[in-house]
Amino acid sequence: ILVLSITLLSALKQLDLLLGKTCRKLPLEDYVHLLSLVSDSLSDLKRMPPSQLLHLVHLAALLLHEHPSHSLMHIQKFATSCINVFTEHCVFVDGPLKLRLQVLEMVAQHCSDQQAALRSLDTAGIWLLLSKFLAPSQVHDEDTETTIFLKIIAILSSLIRLRRDLVAHALPHLGMILRQLLLCTRGCRPHLGAKQTVMVMNTQPRWISASQPLGAQEAKVLGRLLESLNTKTTVRFLGSSMPEMQKAESLAKPFSKHAAYVLKAYIEAMNDPLCILPLDVRKELQPGIFALCGMVSEYSRDSLMISALDAGGKATLKSLWKEYEKQRYVGRG
């Protein structure tokens, strides 16, 4: 069976290479017609079972990546259409696991490889799609699928690094997604009763299992994503031959207005009486959490302390800030 699976996977890769080569050589009119057929088929869910949708999404990703010259406008329209279909139909978020993974893989590939083609219409749909993947669910997969978590972070990382201009206009959405990601790192406390476990899991997305919480490796990737908000980048626009003339900037200053509420999610995760945030998870998150602390103004921190936290939350924030200040001044005379 293993040999057969490897052989089949190799054959599929060869087929992809052949299709990609063919697509690049297609006359533009034929390529556009093919995009239209795939787009219409994705929308026609009554005639398309989930098993076929998986292959159709894979084909859509290939068409976005492998295209003839002078097809930018058509790529943009097709990408926007696909993202809208994904957000409008729950099967792409709640359907078979392989289909969900293929949807996220397609979006992640488009954000990393075709970032210059992204438009505000696309990012609006992407925020909505990611929010749906992170939304609480009363139904959960048998096993935790960490790949979904990692794909979501890959998408966000590409947007932050490569299209800061688009992200800067949607910072509240970014903040909400980061809050949801931080809350995903919670695990159920050992020996919880059935009802209490259900209460906790009803606040977690479908792809997280009660018996398999996210671990230190996932926390490390999330911590790096939070740190990347401080990274200065330039945006490479279409037709721009001199990106070096742009001023390199980060999202830290504009995001400072939203950082306190992301920090609040971490404090909530720490203080949830039914949940646990293991030491190794906290350790891997720490650099990213400290990055958020560095963005939060004194006014925002004091407002968070006074009006948004209970006694336990205030104690946690005081302790966190003490650790942040300690590492901040290490090595300074």
# chains A, B, ... in the order shown; residues from 1 in each chain; ligands from 1
>>> select_by_dssp(residues="segment 208-330 of chain A", states="alpha helix (DSSP H)", output="ChimeraX atom specification")
/A:216-227,252-271,279-295,298-303,311-328
>>> residues_around(residues="Asn202 of chain A", least_positions_apart="5", cutoff="8 Å", atoms="only C-alpha atoms", output="compact mmCIF listing (two decimals) with C-alpha atoms, in the first residue's frame")
# COMPACT_ATOMS: atom_id res chain seq x y z
CA PRO A 136 -15.63 28.08 17.72
CA SER A 137 -17.31 24.80 16.80
CA GLN A 138 -19.47 22.28 18.62
>>> closest_atom_pairs(of="segment 138-193 of chain A", to="segment 221-238 of chain A", cutoff="12 Å", atoms="only C-alpha atoms", output="JSON lines")
{"residue": "A:Thr146", "atom": "CA", "partner": "A:Val221", "partner_atom": "CA", "distance": 11.3}
{"residue": "A:Thr147", "atom": "CA", "partner": "A:Val221", "partner_atom": "CA", "distance": 11.8}
{"residue": "A:Phe149", "atom": "CA", "partner": "A:Leu222", "partner_atom": "CA", "distance": 9.1}
{"residue": "A:Leu150", "atom": "CA", "partner": "A:Val221", "partner_atom": "CA", "distance": 7.6}
{"residue": "A:Lys151", "atom": "CA", "partner": "A:Val221", "partner_atom": "CA", "distance": 10.7}
{"residue": "A:Ile152", "atom": "CA", "partner": "A:Leu222", "partner_atom": "CA", "distance": 10.0}
{"residue": "A:Ile153", "atom": "CA", "partner": "A:Leu222", "partner_atom": "CA", "distance": 6.9}
{"residue": "A:Ala154", "atom": "CA", "partner": "A:Leu225", "partner_atom": "CA", "distance": 8.7}
{"residue": "A:Ile155", "atom": "CA", "partner": "A:Leu225", "partner_atom": "CA", "distance": 10.5}
{"residue": "A:Leu156", "atom": "CA", "partner": "A:Leu225", "partner_atom": "CA", "distance": 7.9}
{"residue": "A:Ser157", "atom": "CA", "partner": "A:Leu225", "partner_atom": "CA", "distance": 6.3}
{"residue": "A:Ser158", "atom": "CA", "partner": "A:Leu225", "partner_atom": "CA", "distance": 10.0}
{"residue": "A:Leu159", "atom": "CA", "partner": "A:Val235", "partner_atom": "CA", "distance": 10.3}
{"residue": "A:Ile160", "atom": "CA", "partner": "A:Leu229", "partner_atom": "CA", "distance": 7.1}
{"residue": "A:Arg161", "atom": "CA", "partner": "A:Thr233", "partner_atom": "CA", "distance": 6.3}
{"residue": "A:Leu162", "atom": "CA", "partner": "A:Val235", "partner_atom": "CA", "distance": 6.0}
{"residue": "A:Arg163", "atom": "CA", "partner": "A:Val235", "partner_atom": "CA", "distance": 6.0}
{"residue": "A:Arg164", "atom": "CA", "partner": "A:Val235", "partner_atom": "CA", "distance": 6.7}
{"residue": "A:Asp165", "atom": "CA", "partner": "A:Val235", "partner_atom": "CA", "distance": 7.1}
{"residue": "A:Leu166", "atom": "CA", "partner": "A:Val235", "partner_atom": "CA", "distance": 9.8}
{"residue": "A:Val167", "atom": "CA", "partner": "A:Leu229", "partner_atom": "CA", "distance": 10.8}
{"residue": "A:Ala168", "atom": "CA", "partner": "A:Leu229", "partner_atom": "CA", "distance": 11.0}
{"residue": "A:Leu171", "atom": "CA", "partner": "A:Leu229", "partner_atom": "CA", "distance": 11.2}
{"residue": "A:Leu174", "atom": "CA", "partner": "A:Leu229", "partner_atom": "CA", "distance": 10.8}
{"residue": "A:Gly175", "atom": "CA", "partner": "A:Leu226", "partner_atom": "CA", "distance": 10.5}
{"residue": "A:Ile177", "atom": "CA", "partner": "A:Leu222", "partner_atom": "CA", "distance": 11.5}
{"residue": "A:Leu178", "atom": "CA", "partner": "A:Leu226", "partner_atom": "CA", "distance": 8.3}
{"residue": "A:Arg179", "atom": "CA", "partner": "A:Leu226", "partner_atom": "CA", "distance": 10.9}
{"residue": "A:Gln180", "atom": "CA", "partner": "A:Leu222", "partner_atom": "CA", "distance": 11.4}
{"residue": "A:Leu181", "atom": "CA", "partner": "A:Leu222", "partner_atom": "CA", "distance": 7.8}
{"residue": "A:Leu182", "atom": "CA", "partner": "A:Leu222", "partner_atom": "CA", "distance": 7.9}
{"residue": "A:Leu183", "atom": "CA", "partner": "A:Leu222", "partner_atom": "CA", "distance": 11.4}
{"residue": "A:Cys184", "atom": "CA", "partner": "A:Leu222", "partner_atom": "CA", "distance": 10.6}
{"residue": "A:Thr185", "atom": "CA", "partner": "A:Leu222", "partner_atom": "CA", "distance": 9.5}
>>> closest_atom_pairs(of="segment 110-199 of chain A", to="segment 60-81 of chain A", cutoff="8 Å", atoms="only C-alpha atoms", output="tab-separated table")
residue	atom	partner	partner_atom	distance
A:His110	CA	A:Leu64	CA	7.3
A:Asp113	CA	A:His65	CA	7.6
A:Gln114	CA	A:His65	CA	7.6
A:Ala117	CA	A:Gln76	CA	6.1
A:Leu118	CA	A:Gln76	CA	7.0
A:Arg119	CA	A:Gln76	CA	7.8
A:Leu121	CA	A:Thr80	CA	6.8
A:Asp122	CA	A:Thr80	CA	5.4
A:Gly125	CA	A:Thr80	CA	7.9
>>> atom_distance(atom1="atom CA of Leu54 of chain A", atom2="atom CA of Val103 of chain A")
8.3 Å
>>> atom_distance(atom1="atom CA of Lys21 of chain A", atom2="atom CA of Cys82 of chain A")
22.2 Å
>>> residues_around(residues="Gly187 of chain A", least_positions_apart="2", cutoff="12 Å", atoms="only C-alpha atoms", output="JSON, numbers by chain")
{"A": [144, 182, 183, 184, 185, 189, 190, 191, 192, 197, 200, 201, 203, 204, 208, 209, 210, 211, 212, 213, 214, 215, 216, 269, 270, 272, 273, 274, 275, 276, 277, 278, 279, 281]}
>>> atom_distance(atom1="atom CA of Leu320 of chain A", atom2="atom CA of Pro172 of chain A")
23.7 Å
>>> select_by_dssp(residues="segment 76-287 of chain A", states="strand (DSSP E)", output="compact mmCIF listing (two decimals) with all heavy atoms, in the first residue's frame")
# COMPACT_ATOMS: atom_id res chain seq x y z
N GLY A 187 -5.11 24.44 26.31
CA GLY A 187 -5.46 23.03 26.39
C GLY A 187 -6.38 22.80 27.57
O GLY A 187 -6.37 23.57 28.54
N CYS A 188 -7.17 21.75 27.52
CA CYS A 188 -8.05 21.42 28.65
C CYS A 188 -7.20 20.96 29.84
O CYS A 188 -6.24 20.21 29.66
CB CYS A 188 -9.02 20.30 28.27
SG CYS A 188 -10.23 20.76 27.01
N CYS A 275 -8.64 25.77 31.67
CA CYS A 275 -7.61 25.53 30.65
C CYS A 275 -6.21 25.66 31.24
O CYS A 275 -6.02 26.20 32.33
CB CYS A 275 -7.75 26.52 29.50
SG CYS A 275 -9.31 26.36 28.59
N ILE A 276 -5.27 25.17 30.48
CA ILE A 276 -3.86 25.25 30.86
C ILE A 276 -3.04 25.70 29.67
O ILE A 276 -3.32 25.34 28.52
CB ILE A 276 -3.35 23.88 31.40
CG1 ILE A 276 -1.94 24.02 31.93
CG2 ILE A 276 -3.44 22.81 30.32
CD1 ILE A 276 -1.45 22.78 32.66
>>> decode(residues="segment 60-167 of chain A", atoms="C-alpha atoms", output="tab-separated table (two decimals), in the first residue's frame")
chain	number	residue	atom	x	y	z
A	60	ALA	CA	-7.59	26.16	-9.48
A	61	ALA	CA	-4.35	26.55	-7.53
A	62	LEU	CA	-2.35	25.20	-10.45
A	63	LEU	CA	-4.05	27.61	-12.87
A	64	LEU	CA	-3.22	30.56	-10.62
A	65	HIS	CA	0.41	29.53	-10.42
A	66	GLU	CA	0.96	28.41	-14.01
A	67	HIS	CA	-0.36	30.92	-16.52
A	68	PRO	CA	0.49	32.45	-19.91
A	69	SER	CA	1.94	35.95	-20.14
A	70	HIS	CA	-0.28	39.06	-20.05
A	71	SER	CA	-2.89	37.33	-17.89
A	72	LEU	CA	-2.64	39.40	-14.69
A	73	MET	CA	-6.13	40.88	-14.85
A	74	HIS	CA	-7.68	37.45	-15.40
A	75	ILE	CA	-5.63	35.93	-12.55
A	76	GLN	CA	-6.84	38.65	-10.20
A	77	LYS	CA	-10.49	38.14	-11.13
A	78	PHE	CA	-10.19	34.37	-10.79
A	79	ALA	CA	-8.44	34.57	-7.40
A	80	THR	CA	-11.10	36.93	-6.06
A	81	SER	CA	-13.86	34.65	-7.36
A	82	CYS	CA	-12.31	31.56	-5.72
A	83	ILE	CA	-11.84	33.29	-2.36
A	84	ASN	CA	-15.46	34.49	-2.43
A	85	VAL	CA	-16.68	30.94	-3.17
A	86	PHE	CA	-14.64	29.60	-0.24
A	87	THR	CA	-16.17	32.11	2.16
A	88	GLU	CA	-19.73	31.69	0.91
A	89	HIS	CA	-19.98	27.88	1.12
A	90	CYS	CA	-19.37	26.10	4.42
A	91	VAL	CA	-18.14	22.89	2.77
A	92	PHE	CA	-14.76	24.55	2.14
A	93	VAL	CA	-14.37	25.27	5.89
A	94	ASP	CA	-16.34	22.42	7.50
A	95	GLY	CA	-16.09	19.73	4.83
A	96	PRO	CA	-13.62	16.85	4.48
A	97	LEU	CA	-10.20	17.54	5.99
A	98	LYS	CA	-8.32	17.12	2.71
A	99	LEU	CA	-10.57	19.73	1.08
A	100	ARG	CA	-10.01	22.20	3.92
A	101	LEU	CA	-6.25	21.71	3.69
A	102	GLN	CA	-6.30	22.19	-0.08
A	103	VAL	CA	-8.23	25.46	0.28
A	104	LEU	CA	-5.68	26.84	2.74
A	105	GLU	CA	-2.79	25.57	0.61
A	106	MET	CA	-4.18	27.40	-2.42
A	107	VAL	CA	-4.56	30.68	-0.52
A	108	ALA	CA	-1.13	30.32	1.10
A	109	GLN	CA	0.52	29.66	-2.27
A	110	HIS	CA	-1.23	32.63	-3.88
A	111	CYS	CA	-0.18	34.98	-1.05
A	112	SER	CA	3.46	33.89	-1.21
A	113	ASP	CA	3.95	33.42	-4.96
A	114	GLN	CA	1.52	35.95	-6.47
A	115	GLN	CA	1.58	38.60	-3.75
A	116	ALA	CA	1.82	41.46	-6.25
A	117	ALA	CA	-1.51	40.39	-7.76
A	118	LEU	CA	-3.36	40.63	-4.44
A	119	ARG	CA	-6.00	43.32	-4.07
A	120	SER	CA	-7.97	44.68	-1.11
A	121	LEU	CA	-10.93	42.63	-2.35
A	122	ASP	CA	-8.85	39.50	-1.88
A	123	THR	CA	-7.56	40.33	1.58
A	124	ALA	CA	-11.09	41.16	2.76
A	125	GLY	CA	-12.14	37.66	1.74
A	126	ILE	CA	-9.01	36.13	3.28
A	127	TRP	CA	-9.71	37.74	6.69
A	128	LEU	CA	-13.22	36.31	6.60
A	129	LEU	CA	-12.02	32.87	5.50
A	130	LEU	CA	-9.38	32.64	8.25
A	131	SER	CA	-11.88	33.83	10.84
A	132	LYS	CA	-14.21	31.01	9.82
A	133	PHE	CA	-11.42	28.45	10.14
A	134	LEU	CA	-10.73	29.77	13.65
A	135	ALA	CA	-14.37	30.12	14.72
A	136	PRO	CA	-15.63	28.08	17.72
A	137	SER	CA	-17.31	24.80	16.80
A	138	GLN	CA	-19.47	22.28	18.62
A	139	VAL	CA	-18.16	19.52	16.32
A	140	HIS	CA	-14.49	18.53	16.36
A	141	ASP	CA	-12.18	16.30	14.35
A	142	GLU	CA	-10.95	13.14	16.03
A	143	ASP	CA	-7.32	14.31	15.82
A	144	THR	CA	-5.89	17.82	15.99
A	145	GLU	CA	-4.76	19.00	12.57
A	146	THR	CA	-1.78	21.26	13.23
A	147	THR	CA	-1.30	21.81	9.50
A	148	ILE	CA	-4.37	24.08	9.48
A	149	PHE	CA	-2.83	26.22	12.22
A	150	LEU	CA	0.49	26.39	10.37
A	151	LYS	CA	-1.15	27.24	7.02
A	152	ILE	CA	-3.11	30.09	8.60
A	153	ILE	CA	0.11	31.49	10.06
A	154	ALA	CA	1.88	31.07	6.70
A	155	ILE	CA	-0.86	33.14	5.02
A	156	LEU	CA	-0.61	35.88	7.64
A	157	SER	CA	3.18	35.86	7.47
A	158	SER	CA	3.16	36.36	3.70
A	159	LEU	CA	0.68	39.24	3.96
A	160	ILE	CA	2.67	40.96	6.74
A	161	ARG	CA	6.02	40.52	4.96
A	162	LEU	CA	4.98	41.12	1.38
A	163	ARG	CA	1.80	43.23	1.40
A	164	ARG	CA	2.08	45.49	4.42
A	165	ASP	CA	0.13	48.13	2.45
A	166	LEU	CA	-2.98	45.92	2.35
A	167	VAL	CA	-2.65	44.75	5.95
